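Right, one structure below, let's go through it.
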Amino acid sequence: MQYQKLFVTLQQITNNGNQKQQSMEKKLKLAVMALCCAPALWAQDVVDSLAVDVQTEQAFTFTEAQLGEDDDVTQNVTIISSNRNAYASQVGYRFSAARFKYRAFGSKYNDIYINGNPVNDAERGEFRYSFVGGLNNQTRSQEASLPFEDNAFSMAGMGGSNNYNFRPSSFATGQRLSVAGANRNYTTRLMYTYNTGVREDGWAFSGSLTYRWASMGTAYIDGTFYNALSYFVGAEKLINDQHSLSLVTWGNPTERGAQSASTDEMYWIANSNFYNPNWGFQDGKKRTSRVVHDFAPAALLTWDWKMNPETKLTTSLLGKYSMYSSSRLNYNNSTNPSPDYYSLMPSYYYDVWAPFNGDQSSTALANWQTAFGYLSASEENRQINWDRLYYSNKVASLQGADAMYYLQAYHDDQLSLSLSSYLDKTLNSHSSLHAGLQLSANNGLHYQTMEDLLGASHFRNVNTYVVGTYAEGSDQVQYDMRNPNKMVKEGDRFGYDYNILVNKAQAWAGYTTDLGRAHLFLNGRLSGTTMQRDGKMQNGLAPENSYGKSKTAKFLDGGGKAGLHFNIGHGNVIVLGAGYEWKAPTARTAFSAPQINNDFAVNLKNEKVFSSEFGYQLQTPWLHANLNAYFSRLTDVTEYSMAYSDVAHSFSYISLTGINKEYYGVELGMNIKLNDVLNIKALGTISEAKYTNNANVRYMLSEDGRYTDDICVNKDMREGGTPLTAASLDLSYHANGWFIDLIGNYYDRIYLYYSPITRYYSDLPDKDNDGVREFYDQQTGEWYMPQSQAKGKGGFMLDASIGKSIYLPHGRRMSINLMLTNILNNVRIVTGGMEQNRRDKDEKGDDIRTYSFVDSPKKFYANGTNGMLIVTYNF
């Protein structure tokens, strides 16, 4: 580890290298609401195989592990699969332990459907995996489509499309009971499913219940916990040979404690790459500040109409109410209570990055020793001191001041309704037509609540950031001028409260035909999107432009793509594909400062997407191989982020427009059959995903509410949070009911999410004091980069899976599966993180402080050796 090398001399001086960790169990209770229905008991008929079970369990177990990371970084989960492609059939879960994204695409380019109804988030465009979390048995049945594969339910997205089949008649008949133990995000999982199949009276019923749990003392990451109940209830009626009607409802009420990233310095001091700064002790018991509540109950009505043997129409109506919140600790007129805050670090006092030109005096060294000694002496010193926060608040209350520390929650609730109908028509023996229509309306509710005043008696709904810029009693200080100086109680909304309204209509069509050895498809779509903000508070920084509805932004977009699969013969197939689309910006990025006002981002345009692919497939009795090369170019991309700017000591709302990106790479997948029982599966990709220009940026600081226009020097930044190079080799043995896999994975070129705040053109050094920023080198023609993008270390990870299927009398079956991840305990692999939003140098290029933010990005590391044992009984 880099910090270990830098600090080795200082560690010998202080002789404080022995850190001990203590763990205490704290049992938490979760009261959740769930719709329950007692399924009818009927006959059983097990039809699935352990091979499918193993792959599905791996896919969902790895994917669920991604939900434990910090919400500020990313929640992207890409669902990609295709049995026709040796690479895509495995990569969706094989690299998930490293947070791998298919082709480095964000999940908004991966379209997910249920019964043909789109379920990507209406505001962000992303698919929230937690929407189907715990429904492993229901999500086994799916139709997958790669970017240049045709399907009957959509025009495939740039990152592919998947359609889950939630019809009760499609599920394997019988009962299924599964018990699992693990040392991951959750330690216990219980699953029960009952499916009647289609009965003689034409009815099919399905019910499922899943519970996942880990206490704060048993979860893999200290200070986290997991408590989730998933349910699924459905009924379907086959009315006659032409019509069937199904109604299903599901939900996943979840409460979990989240981990936040930290710096290598803090990981080194804690002697653990799993240090979590979000928790601490209160009255001797563990308490975490970062708790996520997630519940999105949904109901889906589907009508299947088989007009004739060649024509089928599927219509579905989906309604859901998503309730999501994430709590965090905040402070007011006080110091940051985070235990890994930079001013508490030893390197804040002594320059360990020499020649960083920081302080290296004997006094600085003594201060380093003091800080290091304190943080390394006790685990409690590295965690949140809840008792101190309560004491500080009580003292402030006695003096008539507002709470100095408090626990708040950000809410992202959504009420949505969507109608989808698509037609699948066979024209003749070699051609077919697909067409569909989708309508959706979404109301997103965004607000902040006071979760806990931490012993304080009162807190006013005022913007303390502006004090100094504006007088303390001015209107600008008010978060809500309609309720000035409102005293906020626990459970009250404060700070901001607004809705985002998004309506969308889309029509699409596809045509496929076989011309001799060639299979050709053509797809096209046309859609319209409207979006609007509806403010519920009159913000003092925008009194005329924050309360009530904004203007309505309207976008007309569409596009098309074509693909050709040409069978050369003898198992050789060539794949060609190209597409071009105009995509409306997401509502998440369309507003410049939605917590403050109704303004849209400047120069807001449709995103232009060109995508292409060349592939080769070889299929023989002993080899299935795919080689794919792809190139995608995106222009006029819009991005949005929020961050605390240490430079301005203010919260910052950042809108980036005019972004251009390129994604390209090569993928290889092979499944080599050595004999009847032994296979070798190989996967590999080398890719690039980067920004190709410097974006326009408009940002607002919460200290004054004014916009600043600038240029963000982000050219050549890479997509963060995913390996751009990855490879895998799997030795697979399947015989006599045994399934054994030994898998080696390698990850490299892992970039962290870059910070726009440290790359504004106006903040670049003016070393000559002539008003000219060093931005463009006239001699070389190169753009000046203020700092290189932070990266994480890759490495090798060894995984294994062993399973046994035991067939019992009367068609019953038991399966046992043990999955082991990171057997060699390589905990140095970085799985994500981000740069800090703080600068090291002033406008003249001089160092501001001894602490180096450039050298101290925040990271997540791969979990060490972990596993899951699953016992399943089908009867």
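Quick note on naming: the chains in the structure tokens go A, B, ... in the order shown, residues restart at 1 in each chain, and ligands are numbered from 1 in order of appearance.
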Contact table range 70-164 of chain A vs range 196-209 of chain A, cut-off 9 Å, shortest pair per residue, only C-alpha atoms, as CSV:
```
residue,atom,partner,partner_atom,distance
A:Gly134,CA,A:Leu209,CA,8.5
A:Leu135,CA,A:Ser208,CA,7.9
A:Asn137,CA,A:Ser208,CA,8.4
A:Gln138,CA,A:Ser208,CA,8.6
```
Write out as a PyMOL selection string which residues come within 6 Å of range 335-345 of chain A when counting only C-alpha atoms, dropping same-chain ones fewer than 4 positions away. chain A and resi 382-384
Atoms kept (N, CA and C atoms) for selection, written as a short mmCIF file (atom, residue, chain, number, x, y, z; two decimals), in the first residue's frame:
```cif
data_model
loop_
_atom_site.label_atom_id
_atom_site.label_comp_id
_atom_site.auth_asym_id
_atom_site.auth_seq_id
_atom_site.Cartn_x
_atom_site.Cartn_y
_atom_site.Cartn_z
N ARG A 382 -11.29 6.50 16.22
CA ARG A 382 -11.42 6.56 14.76
C ARG A 382 -12.88 6.53 14.32
N GLN A 383 -13.80 6.63 15.25
CA GLN A 383 -15.21 6.56 14.92
C GLN A 383 -15.95 7.79 15.43
N ILE A 384 -17.22 7.91 15.07
CA ILE A 384 -18.03 9.05 15.50
C ILE A 384 -18.23 8.99 17.00
#
```
Among range 137-289 of chain A, which ones does DSSP place in strand (DSSP E), written as JSON, numbers by chain? {"A": [142, 143, 144, 145, 161, 162, 163, 164, 174, 175, 176, 177, 178, 179, 180, 181, 182, 188, 189, 190, 191, 192, 193, 194, 195, 203, 204, 205, 206, 207, 208, 209, 210, 211, 212, 213, 214, 226, 227, 228, 229, 230, 231, 232, 233, 234, 235, 236, 237, 238, 243, 244, 245, 246, 247, 248, 249, 250, 251, 254, 255, 256, 257, 262, 263, 279, 280, 281, 282, 285, 286, 287, 288]}
Choose the residue, out of A:Asp351, A:Glu613, A:Asp763, A:Asp799, that has the smallest atom-to-atom separation from Asn866 in chain A; count only C-alpha atoms.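 Using only C-alpha atoms, Asn866 in chain A sits closest to A:Asp799.
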What's the 7 Å shell around range 650-664 of chain A, counting only C-alpha atoms, without same-chain residues fewer than 4 positions away, as number ranges by chain? A: 465, 592-593, 601, 630-646, 687-693, 695-703
Using only C-alpha atoms, which residue out of A:Asn597, A:Val502, A:Tyr164, A:Thr589 lies closest to Lys554 in chain A?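 Using only C-alpha atoms, Lys554 in chain A sits closest to A:Val502.
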Lys551 in chain A: which residues within 8 Å, counting only C-alpha atoms, same-chain residues fewer than 6 positions away excluded, as a tab-separated table (two decimals) with N, CA, C and O atoms, in the first residue's frame?
```tsv
chain	number	residue	atom	x	y	z
A	532	GLN	N	-40.70	19.01	-15.71
A	532	GLN	CA	-41.07	20.25	-15.03
A	532	GLN	C	-40.75	20.12	-13.55
A	532	GLN	O	-40.86	19.04	-12.97
A	533	ARG	N	-40.35	21.23	-12.94
A	533	ARG	CA	-40.11	21.26	-11.49
A	533	ARG	C	-41.26	21.98	-10.80
A	533	ARG	O	-41.76	22.99	-11.30
A	598	ASN	N	-36.02	26.89	-10.08
A	598	ASN	CA	-36.67	26.20	-11.20
A	598	ASN	C	-35.85	26.21	-12.49
A	598	ASN	O	-36.35	25.80	-13.53
```
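The interatomic distance for the pair CA of Tyr747 in chain A and CA of Gly867 in chain A works out to 20.0 Å.
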Excluding range 537-545 of chain A and its own-chain neighbours fewer than 6 positions away, which residues fall within 7 Å of it when counting only C-alpha atoms? Please give them as a PyMOL selection string. chain A and resi 475-482+496-497+596-598+705
I need the residues from that last selection saved to file as a short mmCIF file (atom, residue, chain, number, x, y, z; two decimals), in the first residue's frame (with N, CA and C atoms), if you can.
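Saved the output as selection-v9.cif:
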```
data_model
loop_
_atom_site.label_atom_id
_atom_site.label_comp_id
_atom_site.auth_asym_id
_atom_site.auth_seq_id
_atom_site.Cartn_x
_atom_site.Cartn_y
_atom_site.Cartn_z
N ASP A 475 -33.93 38.20 3.83
CA ASP A 475 -34.75 37.17 3.20
C ASP A 475 -33.90 36.07 2.58
N GLN A 476 -32.69 36.43 2.13
CA GLN A 476 -31.84 35.43 1.46
C GLN A 476 -31.48 34.27 2.37
N VAL A 477 -31.56 34.47 3.67
CA VAL A 477 -31.19 33.42 4.62
C VAL A 477 -32.26 32.34 4.69
N GLN A 478 -33.46 32.67 4.29
CA GLN A 478 -34.59 31.75 4.47
C GLN A 478 -34.62 30.64 3.41
N TYR A 479 -34.74 29.41 3.87
CA TYR A 479 -34.99 28.30 2.94
C TYR A 479 -36.43 28.33 2.44
N ASP A 480 -37.33 28.87 3.26
CA ASP A 480 -38.73 28.96 2.86
C ASP A 480 -39.29 30.28 3.37
N MET A 481 -39.39 31.28 2.47
CA MET A 481 -39.87 32.59 2.86
C MET A 481 -41.33 32.56 3.27
N ARG A 482 -42.06 31.52 2.89
CA ARG A 482 -43.46 31.41 3.28
C ARG A 482 -43.60 30.96 4.73
N TYR A 496 -35.04 21.91 1.61
CA TYR A 496 -35.61 21.93 0.26
C TYR A 496 -36.77 20.94 0.20
N ASP A 497 -37.66 21.21 -0.74
CA ASP A 497 -38.83 20.35 -0.95
C ASP A 497 -39.38 20.68 -2.34
N ILE A 596 -32.59 24.64 -5.20
CA ILE A 596 -32.72 26.08 -4.98
C ILE A 596 -33.84 26.68 -5.82
N ASN A 597 -33.87 26.38 -7.15
CA ASN A 597 -34.76 27.12 -8.04
C ASN A 597 -35.29 26.24 -9.17
N ASN A 598 -36.02 26.89 -10.08
CA ASN A 598 -36.67 26.20 -11.20
C ASN A 598 -35.85 26.21 -12.49
N GLY A 705 -26.05 32.04 -4.02
CA GLY A 705 -27.10 31.74 -4.98
C GLY A 705 -26.84 32.28 -6.37
#
```
Spatial neighbours of Leu301 in chain A, 7 Å, only C-alpha atoms, chain gap at least 4 places, as a PyMOL selection string: chain A and resi 246-248+316-318
How would the residues just chosen look if you wrote them out with N, CA and C atoms as a short mmCIF file (atom, residue, chain, number, x, y, z; two decimals), in the first residue's frame?
```cif
data_model
loop_
_atom_site.label_atom_id
_atom_site.label_comp_id
_atom_site.auth_asym_id
_atom_site.auth_seq_id
_atom_site.Cartn_x
_atom_site.Cartn_y
_atom_site.Cartn_z
N SER A 246 -52.98 -11.55 -16.11
CA SER A 246 -52.21 -11.79 -14.89
C SER A 246 -52.08 -10.50 -14.09
N LEU A 247 -52.08 -10.67 -12.77
CA LEU A 247 -51.88 -9.55 -11.85
C LEU A 247 -50.87 -9.99 -10.81
N VAL A 248 -49.76 -9.25 -10.71
CA VAL A 248 -48.72 -9.57 -9.72
C VAL A 248 -48.38 -8.32 -8.95
N SER A 316 -49.53 -4.17 -20.85
CA SER A 316 -49.31 -4.20 -19.40
C SER A 316 -49.42 -2.81 -18.81
N LEU A 317 -49.91 -2.76 -17.59
CA LEU A 317 -50.04 -1.51 -16.83
C LEU A 317 -49.31 -1.69 -15.52
N LEU A 318 -48.33 -0.82 -15.26
CA LEU A 318 -47.48 -0.92 -14.08
C LEU A 318 -47.64 0.33 -13.22
#
```
Pick from A:Ile574, A:Ala258, A:Met155, A:Lys286 nearest to Leu526 in chain A, counting only C-alpha atoms: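 Nearest to Leu526 in chain A: A:Met155.
Once Ala98 in chain A and its same-chain neighbours fewer than 3 positions away are set aside, Gln66, Phe95, Gly721, Thr722, Pro723, Tyr747, Ile829, Val830, Thr831, Gly832, Tyr861 and Ala862 of chain A remain within 9 Å of it when counting only C-alpha atoms.
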Using only C-alpha atoms: which of A:Arg287, A:Gly563, A:Asn115, A:Asn165 has the shortest distance to Ser215 in chain A: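 Counting only C-alpha atoms, the residue closest to Ser215 in chain A is A:Arg287.
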Would you mind writing down, as a PyMOL selection string, each residue of range 218-433 of chain A that DSSP on the backbone assigns to helix (DSSP H, G or I)? chain A and resi 264-270+342-344+346-348+362-377+379-382+386-398
Point-to-point distance in Å for CA of Phe232 in chain A and CA of Thr173 in chain A: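 So the two atoms, CA of Thr173 in chain A and CA of Phe232 in chain A, lie 15.4 Å apart.
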Rank A:Val352, A:Leu445, A:Leu752, A:Ile239 by their smallest atom-to-atom distance to Ala261 in chain A, using only C-alpha atoms, and report the top residue only.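 Among the listed residues, A:Leu752 lies closest to Ala261 in chain A.
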